[in-house]
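Peer 1: So that you have it, the file is model.cif, and it contains mmCIF, C-alpha atoms:
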```
data_coords
loop_
_atom_site.group_PDB
_atom_site.id
_atom_site.type_symbol
_atom_site.label_atom_id
_atom_site.label_comp_id
_atom_site.auth_asym_id
_atom_site.auth_seq_id
_atom_site.Cartn_x
_atom_site.Cartn_y
_atom_site.Cartn_z
ATOM 1 C CA MET A 17 2.103 13.628 21.003
ATOM 2 C CA ARG A 18 3.451 16.464 18.878
ATOM 3 C CA ILE A 19 5.149 16.020 15.506
ATOM 4 C CA ALA A 20 6.614 18.778 13.334
ATOM 5 C CA VAL A 21 6.404 18.252 9.566
ATOM 6 C CA ASP A 22 8.240 20.113 6.805
ATOM 7 C CA ALA A 23 5.379 20.946 4.440
ATOM 8 C CA MET A 24 7.679 22.121 1.648
ATOM 9 C CA GLY A 25 10.043 19.133 1.415
ATOM 10 C CA GLY A 26 9.844 16.590 -1.397
ATOM 11 C CA ASP A 27 8.912 16.424 -5.075
ATOM 12 C CA ASN A 28 5.170 16.472 -4.400
ATOM 13 C CA ALA A 29 5.045 19.099 -1.643
ATOM 14 C CA PRO A 30 3.024 20.619 -0.212
ATOM 15 C CA LYS A 31 -0.051 18.655 -1.393
ATOM 16 C CA ALA A 32 1.276 15.139 -0.737
ATOM 17 C CA VAL A 33 2.617 16.158 2.671
ATOM 18 C CA ILE A 34 -0.694 17.725 3.675
ATOM 19 C CA ASP A 35 -2.694 14.730 2.426
ATOM 20 C CA GLY A 36 -0.586 12.432 4.606
ATOM 21 C CA VAL A 37 -0.883 14.714 7.619
ATOM 22 C CA MET A 38 -4.666 14.980 7.363
ATOM 23 C CA GLN A 39 -5.037 11.204 7.150
ATOM 24 C CA ALA A 40 -2.709 10.702 10.110
ATOM 25 C CA VAL A 41 -4.641 13.003 12.454
ATOM 26 C CA LYS A 42 -7.850 11.180 11.500
ATOM 27 C CA ASP A 43 -6.379 7.782 12.341
ATOM 28 C CA PHE A 44 -4.299 8.678 15.411
ATOM 29 C CA GLN A 45 -6.273 10.579 18.010
ATOM 30 C CA ASP A 46 -3.212 11.334 20.162
ATOM 31 C CA LEU A 47 -1.445 13.292 17.400
ATOM 32 C CA GLU A 48 -0.943 17.033 17.149
ATOM 33 C CA ILE A 49 0.934 18.149 14.051
ATOM 34 C CA THR A 50 2.663 21.413 13.223
ATOM 35 C CA LEU A 51 2.959 21.974 9.490
ATOM 36 C CA ILE A 52 5.813 24.320 8.660
ATOM 37 C CA GLY A 53 6.019 26.136 5.343
ATOM 38 C CA ASP A 54 4.459 28.776 3.120
ATOM 39 C CA ARG A 55 1.140 29.583 4.789
ATOM 40 C CA GLU A 56 -0.669 30.455 1.547
ATOM 41 C CA LYS A 57 0.463 27.323 -0.286
ATOM 42 C CA ILE A 58 -0.509 25.155 2.684
ATOM 43 C CA ALA A 59 -3.940 26.796 2.925
ATOM 44 C CA ALA A 60 -4.687 25.824 -0.685
ATOM 45 C CA HIS A 61 -4.640 22.123 0.280
ATOM 46 C CA LEU A 62 -5.435 21.983 3.998
ATOM 47 C CA THR A 63 -9.131 21.132 4.331
ATOM 48 C CA GLU A 64 -8.967 19.474 7.765
ATOM 49 C CA HIS A 65 -7.696 21.665 10.616
ATOM 50 C CA GLY A 66 -8.343 19.491 13.657
ATOM 51 C CA ARG A 67 -5.137 19.191 15.706
ATOM 52 C CA ILE A 68 -3.104 20.692 12.846
ATOM 53 C CA THR A 69 -1.230 23.961 13.384
ATOM 54 C CA VAL A 70 0.479 25.923 10.632
ATOM 55 C CA LYS A 71 3.725 27.801 11.208
ATOM 56 C CA HIS A 72 4.846 30.110 8.417
ATOM 57 C CA ALA A 73 8.299 29.715 6.889
ATOM 58 C CA GLU A 74 9.576 32.200 4.354
ATOM 59 C CA GLU A 75 12.339 30.041 2.892
ATOM 60 C CA VAL A 76 12.737 26.539 1.463
ATOM 61 C CA ILE A 77 15.887 24.432 1.318
ATOM 62 C CA GLU A 78 15.992 23.103 -2.224
ATOM 63 C CA ALA A 79 17.244 19.690 -3.317
ATOM 64 C CA THR A 80 20.141 21.388 -5.112
ATOM 65 C CA ASP A 81 21.289 23.416 -2.084
ATOM 66 C CA GLU A 82 24.593 22.557 -0.410
ATOM 67 C CA PRO A 83 23.413 21.048 2.907
ATOM 68 C CA VAL A 84 25.594 22.725 5.539
ATOM 69 C CA ARG A 85 25.512 26.135 3.861
ATOM 70 C CA ALA A 86 21.735 25.939 3.419
ATOM 71 C CA VAL A 87 21.085 25.104 7.073
ATOM 72 C CA ARG A 88 23.378 27.918 8.219
ATOM 73 C CA ARG A 89 22.050 30.576 5.862
ATOM 74 C CA LYS A 90 18.363 29.727 5.556
ATOM 75 C CA LYS A 91 17.445 30.179 9.195
ATOM 76 C CA ASN A 92 13.786 30.771 8.302
ATOM 77 C CA SER A 93 13.435 27.730 6.058
ATOM 78 C CA SER A 94 10.728 25.154 6.716
ATOM 79 C CA MET A 95 13.295 22.454 7.490
ATOM 80 C CA VAL A 96 15.356 24.500 9.951
ATOM 81 C CA LEU A 97 12.251 25.754 11.759
ATOM 82 C CA MET A 98 10.929 22.176 11.867
ATOM 83 C CA ALA A 99 14.103 20.943 13.599
ATOM 84 C CA ALA A 100 13.930 23.909 15.985
ATOM 85 C CA GLU A 101 10.441 22.815 17.069
ATOM 86 C CA VAL A 102 12.017 19.609 18.390
ATOM 87 C CA ALA A 103 15.122 21.238 19.834
ATOM 88 C CA GLU A 104 13.048 23.800 21.740
ATOM 89 C CA GLY A 105 10.621 21.237 23.131
ATOM 90 C CA ARG A 106 7.514 22.092 21.121
ATOM 91 C CA ALA A 107 7.579 18.801 19.188
ATOM 92 C CA ASP A 108 8.589 15.241 20.035
ATOM 93 C CA ALA A 109 9.736 14.298 16.521
ATOM 94 C CA CYS A 110 10.051 15.734 13.033
ATOM 95 C CA ILE A 111 9.666 14.590 9.412
ATOM 96 C CA SER A 112 10.851 15.925 6.064
ATOM 97 C CA ALA A 113 10.942 14.593 2.504
ATOM 98 C CA GLY A 114 13.384 17.324 1.530
ATOM 99 C CA ASN A 115 17.147 17.551 0.981
ATOM 100 C CA THR A 116 18.654 14.515 2.763
ATOM 101 C CA GLY A 117 22.005 16.117 3.526
ATOM 102 C CA ALA A 118 20.363 19.232 4.907
ATOM 103 C CA LEU A 119 18.053 17.171 7.112
ATOM 104 C CA MET A 120 21.012 15.243 8.507
ATOM 105 C CA THR A 121 22.821 18.533 9.159
ATOM 106 C CA ALA A 122 19.769 20.049 10.856
ATOM 107 C CA GLY A 123 19.278 16.897 12.903
ATOM 108 C CA LEU A 124 22.881 16.821 14.029
ATOM 109 C CA PHE A 125 23.365 20.502 14.831
ATOM 110 C CA ILE A 126 19.855 21.579 15.868
ATOM 111 C CA VAL A 127 18.154 18.498 17.354
ATOM 112 C CA GLY A 128 21.480 17.205 18.685
ATOM 113 C CA ARG A 129 23.235 13.891 19.089
ATOM 114 C CA ILE A 130 22.756 11.422 21.949
ATOM 115 C CA GLU A 131 25.723 11.488 24.312
ATOM 116 C CA GLY A 132 28.103 8.676 23.428
ATOM 117 C CA ILE A 133 26.972 8.320 19.810
ATOM 118 C CA GLU A 134 29.975 8.894 17.573
ATOM 119 C CA ARG A 135 28.131 8.913 14.246
ATOM 120 C CA PRO A 136 24.374 8.971 13.595
ATOM 121 C CA ALA A 137 23.075 6.491 11.002
ATOM 122 C CA LEU A 138 20.374 6.767 8.362
ATOM 123 C CA ALA A 139 18.204 3.651 8.537
ATOM 124 C CA PRO A 140 15.257 2.702 6.305
ATOM 125 C CA THR A 141 13.121 -0.392 6.751
ATOM 126 C CA LEU A 142 13.210 -2.382 3.514
ATOM 127 C CA PRO A 143 10.725 -5.034 2.340
ATOM 128 C CA THR A 144 11.235 -8.783 2.565
ATOM 129 C CA VAL A 145 9.493 -11.627 0.765
ATOM 130 C CA SER A 146 7.676 -12.505 3.991
ATOM 131 C CA GLY A 147 6.410 -8.943 4.367
ATOM 132 C CA GLU A 148 8.096 -8.415 7.750
ATOM 133 C CA GLY A 149 10.823 -6.071 6.525
ATOM 134 C CA PHE A 150 14.356 -5.490 7.805
ATOM 135 C CA LEU A 151 16.348 -2.475 8.952
ATOM 136 C CA LEU A 152 19.428 -1.427 6.959
ATOM 137 C CA LEU A 153 21.937 1.023 8.417
ATOM 138 C CA ASP A 154 23.830 3.117 7.526
ATOM 139 C CA VAL A 155 22.636 4.123 4.038
ATOM 140 C CA GLY A 156 24.516 7.363 3.678
ATOM 141 C CA ALA A 157 24.734 9.468 6.819
ATOM 142 C CA ASN A 158 28.482 8.678 6.891
ATOM 143 C CA VAL A 159 30.344 7.434 3.834
ATOM 144 C CA ASP A 160 33.332 6.334 5.920
ATOM 145 C CA ALA A 161 33.037 4.381 9.156
ATOM 146 C CA LYS A 162 35.106 2.648 11.807
ATOM 147 C CA PRO A 163 34.282 -0.707 13.423
ATOM 148 C CA GLU A 164 33.125 1.107 16.582
ATOM 149 C CA HIS A 165 30.567 3.028 14.530
ATOM 150 C CA LEU A 166 29.112 -0.155 13.040
ATOM 151 C CA VAL A 167 28.815 -1.677 16.509
ATOM 152 C CA GLN A 168 26.817 1.373 17.589
ATOM 153 C CA TYR A 169 24.655 0.994 14.464
ATOM 154 C CA ALA A 170 23.958 -2.590 15.511
ATOM 155 C CA ILE A 171 22.970 -1.491 19.015
ATOM 156 C CA MET A 172 20.652 1.216 17.693
ATOM 157 C CA GLY A 173 19.171 -1.145 15.112
ATOM 158 C CA SER A 174 18.545 -3.804 17.743
ATOM 159 C CA VAL A 175 16.669 -1.293 19.926
ATOM 160 C CA TYR A 176 14.525 -0.203 16.980
ATOM 161 C CA GLY A 177 13.877 -3.812 15.989
ATOM 162 C CA GLU A 178 12.570 -4.648 19.449
ATOM 163 C CA GLN A 179 10.698 -1.443 20.260
ATOM 164 C CA VAL A 180 9.175 -0.544 16.875
ATOM 165 C CA LEU A 181 9.289 -3.613 14.642
ATOM 166 C CA GLY A 182 8.262 -5.833 17.548
ATOM 167 C CA VAL A 183 10.998 -8.423 16.991
ATOM 168 C CA LYS A 184 12.224 -10.143 20.136
ATOM 169 C CA ASN A 185 16.025 -10.354 20.206
ATOM 170 C CA PRO A 186 16.518 -9.143 16.594
ATOM 171 C CA ARG A 187 19.014 -10.995 14.416
ATOM 172 C CA ILE A 188 21.927 -8.709 13.509
ATOM 173 C CA GLY A 189 23.817 -9.347 10.270
ATOM 174 C CA LEU A 190 26.956 -7.689 8.897
ATOM 175 C CA LEU A 191 26.737 -6.995 5.159
ATOM 176 C CA ASN A 192 29.712 -8.611 3.461
ATOM 177 C CA VAL A 193 30.925 -10.232 0.235
ATOM 178 C CA GLY A 194 30.509 -13.726 1.703
ATOM 179 C CA THR A 195 29.150 -15.459 4.777
ATOM 180 C CA GLU A 196 32.444 -16.952 5.981
ATOM 181 C CA ASP A 197 33.852 -15.467 9.185
ATOM 182 C CA LYS A 198 37.122 -14.256 7.597
ATOM 183 C CA LYS A 199 35.538 -12.573 4.570
ATOM 184 C CA GLY A 200 35.726 -8.894 3.671
ATOM 185 C CA ASN A 201 37.995 -5.890 4.008
ATOM 186 C CA GLU A 202 39.620 -4.751 7.238
ATOM 187 C CA LEU A 203 36.536 -2.820 8.313
ATOM 188 C CA ALA A 204 34.346 -5.910 7.932
ATOM 189 C CA LYS A 205 36.826 -8.234 9.648
ATOM 190 C CA GLN A 206 37.335 -5.936 12.647
ATOM 191 C CA THR A 207 33.611 -5.215 12.942
ATOM 192 C CA PHE A 208 32.851 -8.946 12.839
ATOM 193 C CA GLN A 209 35.109 -9.561 15.838
ATOM 194 C CA LYS A 210 33.697 -6.651 17.817
ATOM 195 C CA LEU A 211 30.095 -7.701 17.160
ATOM 196 C CA LYS A 212 30.899 -11.238 18.342
ATOM 197 C CA GLU A 213 31.997 -9.744 21.672
ATOM 198 C CA THR A 214 28.661 -7.991 22.275
ATOM 199 C CA ASN A 215 25.529 -9.505 23.807
ATOM 200 C CA LEU A 216 23.581 -8.751 20.624
ATOM 201 C CA ASN A 217 22.034 -11.567 18.603
ATOM 202 C CA PHE A 218 24.784 -11.372 15.985
ATOM 203 C CA ILE A 219 24.333 -14.067 13.331
ATOM 204 C CA GLY A 220 27.464 -13.254 11.322
ATOM 205 C CA ASN A 221 28.092 -12.072 7.774
ATOM 206 C CA VAL A 222 25.224 -11.853 5.286
ATOM 207 C CA GLU A 223 25.233 -11.292 1.547
ATOM 208 C CA ALA A 224 23.244 -8.658 -0.325
ATOM 209 C CA ARG A 225 21.429 -11.287 -2.398
ATOM 210 C CA ASP A 226 19.838 -12.682 0.775
ATOM 211 C CA MET A 227 18.611 -9.385 2.261
ATOM 212 C CA LEU A 228 15.096 -9.496 0.812
ATOM 213 C CA ASP A 229 14.709 -13.111 1.907
ATOM 214 C CA GLY A 230 14.766 -11.931 5.522
ATOM 215 C CA VAL A 231 18.168 -13.369 6.422
ATOM 216 C CA ALA A 232 18.414 -10.847 9.307
ATOM 217 C CA ASP A 233 16.171 -8.341 11.080
ATOM 218 C CA VAL A 234 18.907 -5.686 11.161
ATOM 219 C CA ILE A 235 21.788 -5.414 8.693
ATOM 220 C CA VAL A 236 24.699 -3.072 9.382
ATOM 221 C CA THR A 237 27.308 -1.660 7.011
ATOM 222 C CA ASP A 238 29.146 1.573 6.231
ATOM 223 C CA GLY A 239 27.205 4.406 4.592
ATOM 224 C CA PHE A 240 28.825 4.025 1.166
ATOM 225 C CA THR A 241 28.037 0.320 0.861
ATOM 226 C CA GLY A 242 24.600 0.765 2.404
ATOM 227 C CA ASN A 243 23.628 3.519 -0.014
ATOM 228 C CA VAL A 244 24.725 1.433 -3.008
ATOM 229 C CA ALA A 245 22.736 -1.540 -1.678
ATOM 230 C CA LEU A 246 19.663 0.625 -1.084
ATOM 231 C CA LYS A 247 19.734 2.179 -4.558
ATOM 232 C CA THR A 248 20.272 -1.254 -6.118
ATOM 233 C CA VAL A 249 17.220 -2.687 -4.335
ATOM 234 C CA GLU A 250 15.076 0.306 -5.310
ATOM 235 C CA GLY A 251 16.234 0.217 -8.918
ATOM 236 C CA ALA A 252 15.763 -3.543 -9.251
ATOM 237 C CA ALA A 253 12.224 -3.357 -7.846
ATOM 238 C CA LEU A 254 11.254 -0.560 -10.248
ATOM 239 C CA SER A 255 12.743 -2.434 -13.205
ATOM 240 C CA ILE A 256 10.921 -5.654 -12.325
ATOM 241 C CA PHE A 257 7.567 -3.868 -12.156
ATOM 242 C CA LYS A 258 8.278 -2.145 -15.489
ATOM 243 C CA MET A 259 9.073 -5.497 -17.090
ATOM 244 C CA LEU A 260 5.927 -7.045 -15.611
ATOM 245 C CA ARG A 261 3.801 -4.172 -16.893
ATOM 246 C CA SER A 262 5.345 -4.443 -20.352
ATOM 247 C CA THR A 263 4.855 -8.224 -20.493
ATOM 248 C CA LEU A 264 1.285 -8.170 -19.186
ATOM 249 C CA THR A 265 0.174 -5.540 -21.707
ATOM 250 C CA SER A 266 1.980 -7.014 -24.730
ATOM 251 C CA SER A 267 -1.022 -8.906 -26.155
ATOM 252 C CA PHE A 268 -4.732 -9.511 -25.693
ATOM 253 C CA THR A 269 -4.053 -12.860 -23.990
ATOM 254 C CA ALA A 270 -1.517 -11.234 -21.657
ATOM 255 C CA LYS A 271 -4.033 -8.530 -20.769
ATOM 256 C CA LEU A 272 -6.623 -11.191 -19.876
ATOM 257 C CA ALA A 273 -4.074 -12.912 -17.655
ATOM 258 C CA ALA A 274 -3.169 -9.586 -16.075
ATOM 259 C CA SER A 275 -6.825 -8.935 -15.285
ATOM 260 C CA ALA A 276 -7.097 -12.276 -13.492
ATOM 261 C CA LEU A 277 -3.838 -11.696 -11.615
ATOM 262 C CA LYS A 278 -4.550 -8.069 -10.728
ATOM 263 C CA PRO A 279 -5.432 -8.649 -7.024
ATOM 264 C CA LYS A 280 -2.289 -10.735 -6.468
ATOM 265 C CA LEU A 281 -0.080 -8.284 -8.358
ATOM 266 C CA LYS A 282 -1.463 -5.453 -6.268
ATOM 267 C CA GLU A 283 -0.764 -7.459 -3.120
ATOM 268 C CA MET A 284 2.832 -8.039 -4.254
ATOM 269 C CA LYS A 285 3.323 -4.365 -5.107
ATOM 270 C CA THR A 286 2.059 -3.337 -1.670
ATOM 271 C CA LYS A 287 4.420 -5.805 0.015
ATOM 272 C CA MET A 288 7.404 -4.386 -1.890
ATOM 273 C CA ASP A 289 6.394 -0.720 -1.666
ATOM 274 C CA TYR A 290 8.805 1.406 0.400
ATOM 275 C CA SER A 291 5.973 3.756 1.359
ATOM 276 C CA GLU A 292 4.337 1.047 3.459
ATOM 277 C CA TYR A 293 7.353 0.942 5.803
ATOM 278 C CA GLY A 294 7.703 4.654 6.578
ATOM 279 C CA GLY A 295 10.827 6.713 6.039
ATOM 280 C CA ALA A 296 14.464 6.410 7.000
ATOM 281 C CA GLY A 297 15.135 7.200 10.640
ATOM 282 C CA LEU A 298 18.208 9.255 11.521
ATOM 283 C CA PHE A 299 19.308 7.166 14.499
ATOM 284 C CA GLY A 300 21.518 8.496 17.265
ATOM 285 C CA LEU A 301 19.787 11.847 17.777
ATOM 286 C CA LYS A 302 18.029 13.069 20.912
ATOM 287 C CA ALA A 303 14.602 12.754 19.251
ATOM 288 C CA PRO A 304 13.216 10.923 16.205
ATOM 289 C CA VAL A 305 14.056 12.598 12.896
ATOM 290 C CA ILE A 306 12.512 10.849 9.877
ATOM 291 C CA LYS A 307 13.591 11.304 6.258
ATOM 292 C CA ALA A 308 10.679 10.481 3.978
ATOM 293 C CA HIS A 309 11.473 9.545 0.381
ATOM 294 C CA GLY A 310 11.811 12.548 -1.923
ATOM 295 C CA SER A 311 9.071 11.246 -4.210
ATOM 296 C CA SER A 312 6.698 10.482 -1.336
ATOM 297 C CA ASP A 313 2.982 10.630 -1.989
ATOM 298 C CA GLY A 314 0.410 11.149 0.749
ATOM 299 C CA ARG A 315 0.490 7.490 1.764
ATOM 300 C CA ALA A 316 4.265 7.513 2.193
ATOM 301 C CA VAL A 317 4.049 10.645 4.345
ATOM 302 C CA TYR A 318 1.299 9.002 6.401
ATOM 303 C CA HIS A 319 3.505 5.988 7.126
ATOM 304 C CA ALA A 320 6.464 8.223 7.992
ATOM 305 C CA ILE A 321 4.226 9.925 10.569
ATOM 306 C CA ARG A 322 3.104 6.530 11.867
ATOM 307 C CA GLN A 323 6.746 5.520 12.204
ATOM 308 C CA ALA A 324 7.662 8.712 14.084
ATOM 309 C CA ARG A 325 4.677 8.224 16.384
ATOM 310 C CA GLU A 326 5.793 4.674 17.223
ATOM 311 C CA MET A 327 9.360 5.813 17.885
ATOM 312 C CA VAL A 328 8.136 8.466 20.299
ATOM 313 C CA SER A 329 5.634 6.199 22.066
ATOM 314 C CA GLN A 330 8.258 3.465 22.488
ATOM 315 C CA ASN A 331 10.932 5.899 23.751
ATOM 316 C CA VAL A 332 13.421 4.674 21.161
ATOM 317 C CA ALA A 333 15.877 7.547 21.673
ATOM 318 C CA ALA A 334 15.945 6.962 25.445
ATOM 319 C CA PHE A 335 16.484 3.207 24.994
ATOM 320 C CA ILE A 336 19.330 3.844 22.556
ATOM 321 C CA GLU A 337 20.959 6.230 25.020
ATOM 322 C CA GLU A 338 20.645 3.626 27.781
ATOM 323 C CA LYS A 339 22.160 0.835 25.649
ATOM 324 C CA ILE A 340 25.036 3.037 24.466
ATOM 325 C CA GLN A 341 25.812 3.992 28.048
ATOM 326 C CA GLN A 342 25.788 0.341 29.089
ATOM 327 C CA LYS A 343 28.226 -0.472 26.282
ATOM 328 C CA ALA A 344 30.505 2.385 27.368
ATOM 329 C CA ASP A 345 30.488 1.097 30.978
ATOM 330 C CA GLU A 346 31.528 -2.437 29.994
#
```
Could I get this structure in the form of structure tokens?

Peer 2:
Amino acid sequence: MRIAVDAMGGDNAPKAVIDGVMQAVKDFQDLEITLIGDREKIAAHLTEHGRITVKHAEEVIEATDEPVRAVRRKKNSSMVLMAAEVAEGRADACISAGNTGALMTAGLFIVGRIEGIERPALAPTLPTVSGEGFLLLDVGANVDAKPEHLVQYAIMGSVYGEQVLGVKNPRIGLLNVGTEDKKGNELAKQTFQKLKETNLNFIGNVEARDMLDGVADVIVTDGFTGNVALKTVEGAALSIFKMLRSTLTSSFTAKLAASALKPKLKEMKTKMDYSEYGGAGLFGLKAPVIKAHGSSDGRAVYHAIRQAREMVSQNVAAFIEEKIQQKADE
């Protein structure tokens, strides 16, 4: 299995990316990875060369670059060359922690969209109290959406839930302002009706406050709402850990309590850590394209590689294409 990785993407590149890659090839014997980026900068951190190939890239798409313009003009950037590895058949999937908009553009125009998919969706797996996690899509690939797009998101999410998360007949929820059938704006109301007509395991409307309790295995919404929900969850989690740290270091007694609770606090942090779940998949493309978090460390990159490997081994893109075709034939 061959995976192309943008070595220059993300706040901690290239070291964090390379650390994750080296750990992945140690743990997964079927992996071959192509690292794409500045050869000299990569060489400074790459100490393990087994099944790792380096491809030089002269340019880097920066976080501040305008996505479409950057992809068009920086033909020799690490991200564009990474996507080309997939498009030209030299890699089965690709991963970047770089500019999200540019990665979506490269995925759409270089890797290509599955026939029948109207809009790709960006879909991270978020933590739940139980530790199982749930898939949220879309979180920003498309700010505006039609009911038909959300139905396709549900189909793609259901495939991923079964094939990668290992959930039989995943529960699909529609993010809304209430759980009653008639709640929401026109988009939500029309999507609700269309989802009821599918053979998916649609459980109805769900509220944002219930997401982390595992109310559904897959939650669908438009990209604007999904991105706000995602950022709210991330911000709340960071704030809670900051408050805990402040409280548990506020006095000698608190520090003693913190010492006793340290194993359990570490366990909770791991359960709620985005890096344990991989990156956000750009669903609806011909091959897996994974967006790792911009602040990814080596562990987060490792899990993004694990996620891409599972998507390839489970033929997720092919299953999505099959399900979308079945829906079109109905």

Peer 1: What gap, in Å, lies between atom CA of Lys258 of chain A and atom CA of Pro279 of chain A?

Peer 2: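 For atom CA of Lys258 of chain A relative to atom CA of Pro279 of chain A, the distance reads 17.4 Å.
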
Peer 1: Please, which residues are within 9 Å of (8.6, 13.5, -0.2) by the file's coordinates, counting all atoms listed in the file, and could they come as a list of chain:residue names?

Peer 2: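 Here is the list of nearby residues: A:Met24, A:Gly25, A:Gly26, A:Asp27, A:Asn28, A:Ala29, A:Ala32, A:Val33, A:Ser112, A:Ala113, A:Gly114, A:Lys307, A:Ala308, A:His309, A:Gly310, A:Ser311, A:Ser312, A:Asp313, A:Gly314, A:Ala316, A:Val317.
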
Peer 1: Can those selected residues be exported to a file as a PDB file, keeping the file's coordinate frame so that it contains C-alpha atoms?

Peer 2:
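What follows is the written file selection.pdb:
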```pdb
ATOM      1  CA  MET A  24       7.679  22.121   1.648  1.00  0.00           C
ATOM      2  CA  GLY A  25      10.043  19.133   1.415  1.00  0.00           C
ATOM      3  CA  GLY A  26       9.844  16.590  -1.397  1.00  0.00           C
ATOM      4  CA  ASP A  27       8.912  16.424  -5.075  1.00  0.00           C
ATOM      5  CA  ASN A  28       5.170  16.472  -4.400  1.00  0.00           C
ATOM      6  CA  ALA A  29       5.045  19.099  -1.643  1.00  0.00           C
ATOM      7  CA  ALA A  32       1.276  15.139  -0.737  1.00  0.00           C
ATOM      8  CA  VAL A  33       2.617  16.158   2.671  1.00  0.00           C
ATOM      9  CA  SER A 112      10.851  15.925   6.064  1.00  0.00           C
ATOM     10  CA  ALA A 113      10.942  14.593   2.504  1.00  0.00           C
ATOM     11  CA  GLY A 114      13.384  17.324   1.530  1.00  0.00           C
ATOM     12  CA  LYS A 307      13.591  11.304   6.258  1.00  0.00           C
ATOM     13  CA  ALA A 308      10.679  10.481   3.978  1.00  0.00           C
ATOM     14  CA  HIS A 309      11.473   9.545   0.381  1.00  0.00           C
ATOM     15  CA  GLY A 310      11.811  12.548  -1.923  1.00  0.00           C
ATOM     16  CA  SER A 311       9.071  11.246  -4.210  1.00  0.00           C
ATOM     17  CA  SER A 312       6.698  10.482  -1.336  1.00  0.00           C
ATOM     18  CA  ASP A 313       2.982  10.630  -1.989  1.00  0.00           C
ATOM     19  CA  GLY A 314       0.410  11.149   0.749  1.00  0.00           C
ATOM     20  CA  ALA A 316       4.265   7.513   2.193  1.00  0.00           C
ATOM     21  CA  VAL A 317       4.049  10.645   4.345  1.00  0.00           C
TER      22      VAL A 317
END
```

Peer 1: Measuring between all atoms listed in the file, which one of A:Leu254, A:Leu264, A:Leu301, A:Ile340 shows the shortest distance to Ala137 of chain A?

Peer 2: A:Leu301

Peer 1: Identify all residues satisfying the PyMOL selection byres ((chain A and resi 105) around 12) in the given file; provide them as a PDB file with C-alpha atoms, in the coordinates of the input.

Peer 2:
```pdb
ATOM      1  CA  MET A  17       2.103  13.628  21.003  1.00  0.00           C
ATOM      2  CA  ARG A  18       3.451  16.464  18.878  1.00  0.00           C
ATOM      3  CA  ILE A  19       5.149  16.020  15.506  1.00  0.00           C
ATOM      4  CA  ALA A  20       6.614  18.778  13.334  1.00  0.00           C
ATOM      5  CA  MET A  98      10.929  22.176  11.867  1.00  0.00           C
ATOM      6  CA  ALA A  99      14.103  20.943  13.599  1.00  0.00           C
ATOM      7  CA  ALA A 100      13.930  23.909  15.985  1.00  0.00           C
ATOM      8  CA  GLU A 101      10.441  22.815  17.069  1.00  0.00           C
ATOM      9  CA  VAL A 102      12.017  19.609  18.390  1.00  0.00           C
ATOM     10  CA  ALA A 103      15.122  21.238  19.834  1.00  0.00           C
ATOM     11  CA  GLU A 104      13.048  23.800  21.740  1.00  0.00           C
ATOM     12  CA  ARG A 106       7.514  22.092  21.121  1.00  0.00           C
ATOM     13  CA  ALA A 107       7.579  18.801  19.188  1.00  0.00           C
ATOM     14  CA  ASP A 108       8.589  15.241  20.035  1.00  0.00           C
ATOM     15  CA  ALA A 109       9.736  14.298  16.521  1.00  0.00           C
ATOM     16  CA  CYS A 110      10.051  15.734  13.033  1.00  0.00           C
ATOM     17  CA  ILE A 126      19.855  21.579  15.868  1.00  0.00           C
ATOM     18  CA  VAL A 127      18.154  18.498  17.354  1.00  0.00           C
ATOM     19  CA  LYS A 302      18.029  13.069  20.912  1.00  0.00           C
ATOM     20  CA  ALA A 303      14.602  12.754  19.251  1.00  0.00           C
TER      21      ALA A 303
END
```

Peer 1: Just give me the gap between atom CA of His65 of chain A and atom CA of Arg325 of chain A in Å, one decimal is fine.

Peer 2: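 Result for atom CA of His65 of chain A versus atom CA of Arg325 of chain A: 19.2 Å, one decimal.
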
Peer 1: Please report as CSV every residue of segment 76-148 of chain A lying within 12 Å of segment 181-196 of chain A, along with the nearest atom pair and their distance in Å (one decimal), using all atoms listed in the file.

Peer 2:
```
residue,atom,partner,partner_atom,distance
A:Thr141,CA,A:Leu181,CA,9.3
A:Leu142,CA,A:Leu181,CA,11.9
A:Gly147,CA,A:Leu181,CA,11.9
A:Glu148,CA,A:Leu181,CA,8.5
```

Peer 1: If the box runs along x, y and z of the file and leaves 6 Å on each side of segment 191-207 of chain A, what are its centre and edge lengths in Å, one decimal, as lines of an AutoDock Vina configuration file?

Peer 2:
```
center_x = 33.2
center_y = -9.9
center_z = 6.6
size_x = 24.9
size_y = 26.1
size_z = 24.7
```

Peer 1: Would you mind listing, for every residue of segment 89-150 of chain A within 8 Å of segment 37-60 of chain A, the two atoms forming the shortest contact and the distance between them in Å to one decimal, using all atoms listed in the file, sorted by chain and ascending residue number, as JSON lines?

Peer 2:
```
{"residue": "A:Ser93", "atom": "CA", "partner": "A:Gly53", "partner_atom": "CA", "distance": 7.6}
{"residue": "A:Ser94", "atom": "CA", "partner": "A:Gly53", "partner_atom": "CA", "distance": 5.0}
{"residue": "A:Met95", "atom": "CA", "partner": "A:Ile52", "partner_atom": "CA", "distance": 7.8}
{"residue": "A:Leu97", "atom": "CA", "partner": "A:Ile52", "partner_atom": "CA", "distance": 7.3}
{"residue": "A:Met98", "atom": "CA", "partner": "A:Ile52", "partner_atom": "CA", "distance": 6.4}
```

Peer 1: Taking the file as shown, what set of residues would the PyMOL selection byres ((chain A and resi 247-250) around 12) give back, as number ranges by chain?

Peer 2: A: 140, 142-144, 152, 155-156, 224-228, 240-246, 251-257, 288-291, 309

Peer 1: Smallest atom-to-atom distance to Leu138 of chain A: which of A:Val96, A:Val159, A:Ile321, A:Leu153, using only C-alpha atoms?

Peer 2: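 Among A:Val96, A:Val159, A:Ile321, A:Leu153, it is A:Leu153 that comes nearest to Leu138 of chain A.
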
Peer 1: In Å, with one decimal, what is the gap from atom CA of Thr207 of chain A to atom CA of Lys162 of chain A?

Peer 2: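 For atom CA of Thr207 of chain A relative to atom CA of Lys162 of chain A, the distance reads 8.1 Å.
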